[in-house]
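First up is the structure itself, then whatever we jot down about it.
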There are 8 protein chains.
Amino acid sequence: MNTDSIRKLLKGVSAGTTSVPEALDVLKHLPYEDLGFAKIDTHRDLRTGFPEVVYCEGKTIEQITGLVRSLPSGGFLMGTRADAGVYDAVKAVRSDTVYHESARIILVGEGREKRSEKAILVVSAGTSDQPVAEEAAVTAEAMGNAVERLYDVGVAGIHRLLDHSDKLTLANVLVVVAGMEGALASIVGGLVDRPVIAVPTSVGYGASFHGLSALLTMLNSCAPGVAVVNIDNGFGAGYMASVINRTCEAP
Amino acid sequence: MNTDSIRKLLKGVSAGTTSVPEALDVLKHLPYEDLGFAKIDTHRDLRTGFPEVVYCEGKTIEQITGLVRSLPSGGFLMGTRADAGVYDAVKAVRSDTVYHESARIILVGEGREKRSEKAILVVSAGTSDQPVAEEAAVTAEAMGNAVERLYDVGVAGIHRLLDHSDKLTLANVLVVVAGMEGALASIVGGLVDRPVIAVPTSVGYGASFHGLSALLTMLNSCAPGVAVVNIDNGFGAGYMASVINRTCEAP
Amino acid sequence: MNTDSIRKLLKGVSAGTTSVPEALDVLKHLPYEDLGFAKIDTHRDLRTGFPEVVYCEGKTIEQITGLVRSLPSGGFLMGTRADAGVYDAVKAVRSDTVYHESARIILVGEGREKRSEKAILVVSAGTSDQPVAEEAAVTAEAMGNAVERLYDVGVAGIHRLLDHSDKLTLANVLVVVAGMEGALASIVGGLVDRPVIAVPTSVGYGASFHGLSALLTMLNSCAPGVAVVNIDNGFGAGYMASVINRTCEAP
Amino acid sequence: MNTDSIRKLLKGVSAGTTSVPEALDVLKHLPYEDLGFAKIDTHRDLRTGFPEVVYCEGKTIEQITGLVRSLPSGGFLMGTRADAGVYDAVKAVRSDTVYHESARIILVGEGREKRSEKAILVVSAGTSDQPVAEEAAVTAEAMGNAVERLYDVGVAGIHRLLDHSDKLTLANVLVVVAGMEGALASIVGGLVDRPVIAVPTSVGYGASFHGLSALLTMLNSCAPGVAVVNIDNGFGAGYMASVINRTCEAP
Amino acid sequence: MNTDSIRKLLKGVSAGTTSVPEALDVLKHLPYEDLGFAKIDTHRDLRTGFPEVVYCEGKTIEQITGLVRSLPSGGFLMGTRADAGVYDAVKAVRSDTVYHESARIILVGEGREKRSEKAILVVSAGTSDQPVAEEAAVTAEAMGNAVERLYDVGVAGIHRLLDHSDKLTLANVLVVVAGMEGALASIVGGLVDRPVIAVPTSVGYGASFHGLSALLTMLNSCAPGVAVVNIDNGFGAGYMASVINRTCEAP
Amino acid sequence: MNTDSIRKLLKGVSAGTTSVPEALDVLKHLPYEDLGFAKIDTHRDLRTGFPEVVYCEGKTIEQITGLVRSLPSGGFLMGTRADAGVYDAVKAVRSDTVYHESARIILVGEGREKRSEKAILVVSAGTSDQPVAEEAAVTAEAMGNAVERLYDVGVAGIHRLLDHSDKLTLANVLVVVAGMEGALASIVGGLVDRPVIAVPTSVGYGASFHGLSALLTMLNSCAPGVAVVNIDNGFGAGYMASVINRTCEAP
Amino acid sequence: MNTDSIRKLLKGVSAGTTSVPEALDVLKHLPYEDLGFAKIDTHRDLRTGFPEVVYCEGKTIEQITGLVRSLPSGGFLMGTRADAGVYDAVKAVRSDTVYHESARIILVGEGREKRSEKAILVVSAGTSDQPVAEEAAVTAEAMGNAVERLYDVGVAGIHRLLDHSDKLTLANVLVVVAGMEGALASIVGGLVDRPVIAVPTSVGYGASFHGLSALLTMLNSCAPGVAVVNIDNGFGAGYMASVINRTCEAP
Amino acid sequence: MNTDSIRKLLKGVSAGTTSVPEALDVLKHLPYEDLGFAKIDTHRDLRTGFPEVVYCEGKTIEQITGLVRSLPSGGFLMGTRADAGVYDAVKAVRSDTVYHESARIILVGEGREKRSEKAILVVSAGTSDQPVAEEAAVTAEAMGNAVERLYDVGVAGIHRLLDHSDKLTLANVLVVVAGMEGALASIVGGLVDRPVIAVPTSVGYGASFHGLSALLTMLNSCAPGVAVVNIDNGFGAGYMASVINRTCEAP
């Protein structure tokens, strides 16, 4: 039931062709979905500027290109966990597709203009953590943020991190990406007074248990001001950082 | 916004004092809660005969007696995980309180008449599993079901179970309660063609890991027709069995 | 030992050619299997209309086609976790084989007529959960049930689910399939008053730990009337729902 | 080595009583601590207005009152996980001590004026989750934020949550507290476009495994814009929300 | 239905008062239980000499003394995990009760004569493992075996074990009890060519995880000829060793 | 240092060419290995008839054929977890190699004559458990035992097991192999009074967690007389059963 | 058999009263224990200066005082995990008993003189980690080492650690004690080039899982030169550090 | 900012062209990095002789050869977890590359002269543990140590280990490598009085859980003087042993 049918009902009441009890009965049984849908539309408007997001892993090329084809003109779609094969297939459908290989992200359609002046800093520990860090960084950029990167500053050589304390203190929000023992999030959390989004990665072997070690480390961070997303969830961290930045810029 | 205010609005439209666009605007912004609440009421009606349920563990005597005092006359309340102290306190408030000690359940108010002719059979493995089995049985009885009990038929002496195959095949729904290795659910599931609700218990020691062993056993049951609830969740199993019975008796 | 041999023995007693002690001795040593077998036959009769079920994963093509060849004429066999290679091989043996690709199920032989008027609703959260949902749906259909599907209604957009509250409230039994955080089962359980069979899936990554996260969520469901089957066990859920439906239709 | 000693050194160089190589040698061996300490001081200034925080659990009354006694006049100290005994002892030392019993928090000294106009909304699922929710709420209030509470809106009755969609959409940052299956965080994350800090609690039994179930659920949230803190860490969530709010108000 | 009623039935057939079809019908519906029960009786006879076993933990004094009172004269009952209170209560009922305090076992009634000449050797690692070792030893003694003890021979001082290689090689069956890292089972398994029953204990702290460490060690024993029972299950090991000994002495 | 060199030393003492202190010094520094080696030889003699065992998984073809080539004439070698490639390569080296494909075992050299009249019964639950069951059976046969097999008697159809109660009660030792919920070991343990060696298998999916479910089930068996080996360790179970049988036949 | 009896045997051979074959026979049957024991004696000599160690937790006062009474005059005994009750009882037996309350260690008898000039530095993160740190420190002191302490330098305020870089770089061996996220070990490991022994503690709550989080962090340390002991095992770390120091001072 | 710029600044002060307050201001804002960097240089000097280490797993051939190309002349680089493909590619770039195939290590550049006279003994349990053992051994050799190997001395045949007690007691530091049940570390720890670095390996199956079993065993070692590194971390153990050796040789 949409606005039109409600209007029609009310006109009937107004015209006297529908009695009040009849109309009341219809309205009482209004399913959630109709008003709900309206609400969601408004909701979605508030989110304008954020791309549609497709998690490509486990989807077929056909499913992905189908989603791309259904994108309205002017639409903006981000595909995460996309390999080169996905990119090639999507590029064939839409020539305005860009591939961020390290981040495994494709962007289809007109990108957003930069919306936020406040920088998001993505910090990562080791070389192998970089794909997850890039996923966070490219996600935040696609959502209109200025993003700085500070990579390869693992805690085994704490001076490398301290050497960039300026970058750390200038950021509005920080994303910290680390595998193995994941201690970087606590260190950074102790050095800054801005929100830190920690991303454990599955980088490591043996007792890293595919990211469990880093995850527990980050959840137990003795520095406050740190919150955690799922293992390898660079997208989630980039999105969370963007939501914080947008919240800060809301009137 | 309740039925009265919607009726008032419609009367305005009918009387011409409220224009259609005005009414439309009000209705478009109808919060979820109003229609939602109506829906829930109906929903609750369908559930008539089921008591209010209060999980007593972790609540203070004051909180529990408060809930009991707020029970409307004619209301029916079931308190689970209730110890003797809870019973005494509630009994002092409402003299029509009954205590099922082994099941750790109190029932306040006028119990339901038996609503279902179809029997629920509660089967349990060891003596120590009995409190959980009783929680299931008393819950199902409180919800208006005829309940049979078949206790102390653990798989180490499979003949004890087979000796009661009549009881097993006559039940409409079965609840199987077992700790330690929890194999009883698979055995029963292989003997009957009725739904089996399996309840792992925390009974055991060492590698039973507080019920994990029985839980995994039941989830991996090689007999189909078995579904599982949380460890020690006798209430949940009795409730699920009651819902199945009621479903079977719905027109 | 079958009925014939017992009759023969009794005739000997009746004719006086076998003494009572001799007959008693034979009967006392009657192995379980004979009476047991009779019992099982009856038991199996009750189950008429349910196909033989073969779990194909881990079986060779030869083993599977061997089972299909041994199917009596008029028999009905369902193979789960069957890939295209299995289908091709079985199709070559029996031309009346149908393949439900998404559900990974083959059906061999004359399908059952629809036996139940009561609908089973299969609800799933994400696109990747669909194969498990289809396994449940096709299983329930093969067992003679009317099945409705409500897919892609994950809790991140709760309105998509609420928009279909009619479908939810009309179902006799519900199967809810979800991976990742598996919250859908609790939500659905809170909206309906019919039995909900929850199926966690291994969809997800990182801290989903191959379905453990969804499994625990569903076992801890705060909504009663929910019971759980093994991770990815669409078959088990479809079977359990069918058993409930059949139970409801038993005289 | 502090500023004074460096100034003295430089004066020596300027006066010619210390040679450049000598001064260089001293400076080259400047330990981290001196500059570091200066930096930290500045850093701490930025944090002005945030109280000193003492985690009382596992500390003796003597240790806690010692810390309170060492608090400078005008200082502000927050003690978390404080029971009534701690409160009594601290109250005896400092009469300007306030006790938030449900939150188990003591506040010593002059509280901060409200610094932020932007509301933090603390949402909780069950009655038993309330102490953790209160810990988050009182923490955020002590840090100068306006805090709204929305309690007892578990997902088993989703309408109770939807009835308060206004509260949800008006909040600047949300803290969602839930035990058992922890699904509330995903639901709320799907309804708002503001940062959601999820706090799993150890409320539950059996397969809730002391909060593990809720923790995994929240980490696997299919709704983006959700990040997670440690089990029962209401303080951490309130602090994180405060940091986000303060970040939004920084020039 | 017992032997008597079957005999009566057959006599009817023999006398012609019961027709063959009538008798056949009765026999066809013979429930499992009757023949099953007969079978079990025989079965139990084979086990003569083994005491009834009662796991006392979690049972009330009343339940335990009830079981003791129902013990037939000449009966023999073993109670495991029995504390001094249990002993006192049982002793008051039956004066022929003996208490093995360290093993936490009570023996009621006339003990068995020693039935086996073949020795069972119980080996334990540390002082704290001794109660579990004693539970195994006293169990095996109560079942009529000669038992040797070799305690306090942990692997940290391997010479203490090797000094007793004679004891090791003379045993017919060995029970090895160890907590912490549980390595003793592998060492003993490598030194003897007799069956080794390994019992992990919950002795330890930290990463011993209540016996999990020792359990895994023993399951992964690189020495063959080792099988494992549950954590702290001294009774189970003593019983298993007794079964092996009895099997060896069966004709 | 062997017997010869010690004799030589003693002869020197006897002849006066070696002083007592000199000889004492030599003997005091006698490394463990010499006496140890002697002991081990004796030890190994006791084990005569048992083949050398090579775990092939993870070894290269070269390593395996090298071990085969070094086998003394008349030697007997068993290779476990051997695939067809291993067999082909070993067969090329030694023509007297036999391959048990389902058991994944190769036997090289002259097999042992049957040494034990007492039967070992290998019971398995599902078709997929058969390779592990065969590994146990072929191992026991290679060690000179008579082996009976009872396959495909899972607990979902308990009658299939009960139909063979004769086989069960005639066995001297039983090996029970089961995956998924692993309940078969408890059932069999409750039916027999002989030692039961339980082997959990990794057969299953989802919450079977690669055999963990069956392992825990078996460790928590409520039937005594059951001990457990590692997941999928058919060899270990066959070996343990053989050791028990041999122990029973030792003079 | 000790040196004396071997000497006697050899003298017999030398004197001709014992034949070479007779002596050979005696020597061939020399049990492990004799030579082994001799070896151990020597071994123990090398360890001179290390106290006997008694783990008091789980031992009765009687057992502990018994061990103390059996201590030879001049002996030195260390009791770990000793509470005040243990101290009082031991003090009553031996007046030369000293109690380190925070470390929960008692020292009985004449302490060792300091044997090593090389310092062991014990670093700890939080106040609650101090008992474990003290256990390590007092253990190392009791074993004759000079010990420095650097407490309360958790990674949330990394400057507190860096301020003491001199202490860090002067230590010969370092023990790092930390609970919660345990990141301190990696940081220290990255700052020094000496061996670091890491001790995870059970300090924390929620997802610290009683020390598991810190344990995994330390095992996955990205800084090399770090090895780990059991959770809360301060004694083990102090002992390991002492062994390294002694090794460094061995000729 | 480096030494040159500080010298320049001081010269300005000395010359009077820079005022003391100006210089003080510059120095006060000296970022960590400059002094830090100097410190690290010194630090690195101390480590002279240790190669740069590259963990090759998960890096592309391009990334690895890039690192090799950037190696200064006279530099020394060690690549761990390097397969033959990595070796071929690096060899093509630098002809002075050596490949230790079993250890999976490449060494590029002029190896270090042996720096330590004190032997490191690497002990391993099974053939499959050898690659990890070799990684430890080659790492220690590359760092200038004399390394002894004692392989294939698993605890199932304890005599094989005891036969080499001389090797054990002569070592300065020991690395013990074992999978499956990992008991070897405890045994060796009980036999020697030198530091033992234990390395669990992922060798095993079933309940070895990819090395978890061996890891827990080693952490719970009842022999003191044992510390543990990550599963399969041969490099870490070799490095730790080298650090201990170097510490022992420091003046």
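To be explicit about the labels: the chains of the structure tokens are called A, B, and onward in the order shown, and within each one the residues are counted from 1, while ligands get numbers from 1 in the order they are shown.
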
**Request:** Determine, counting only C-alpha atoms, which protein, DNA and RNA residues have an atom within 8 Å of an atom of stretch 229-245 of chain H; residues of the same chain fewer than 4 positions away are not included. Present the result as an MDAnalysis selection string.
**Result:** (chainID A and resid 205:207) or (chainID G and resid 193:195 219:220 224:228 244 248) or (chainID H and resid 80 116 118 120 132:140 143 145 172:175 177 197:202 211:212 215 249)

**Message:** Considering only helix (DSSP H, G or I) as DSSP defines it on the backbone, what residues of stretch 11-225 of chain G qualify? List them as a PyMOL selection string.
**Reply:** chain G and resi 11-15+20-28+32-46+61-69+84-93+127-142+155-162+165-170+184-191+206-219

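Matched residue by residue and fitted by least squares, the Cα atoms of chain B sit at an RMSD of 0.4 Å from chain D.
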
Dump as a Markdown table the rows for residues of chain B within 6 Å of chain A: closest atom pair and distance in Å with one decimal, only C-alpha atoms counted, ordered by chain and rising residue number.
```
| residue | atom | partner | partner_atom | distance |
| --- | --- | --- | --- | --- |
| B:Leu10 | CA | A:Val20 | CA | 5.9 |
| B:Val13 | CA | A:Ser14 | CA | 5.2 |
| B:Ser14 | CA | A:Ser14 | CA | 4.6 |
| B:Val20 | CA | A:Leu10 | CA | 5.9 |
```

**Asked** Could you work out how far atom CA of B:Ser128 lies from atom CA of E:Arg69, giving the answer in Å with one decimal?
**Response**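 Spanning atom CA of E:Arg69 to atom CA of B:Ser128 is a straight-line distance of 20.0 Å.
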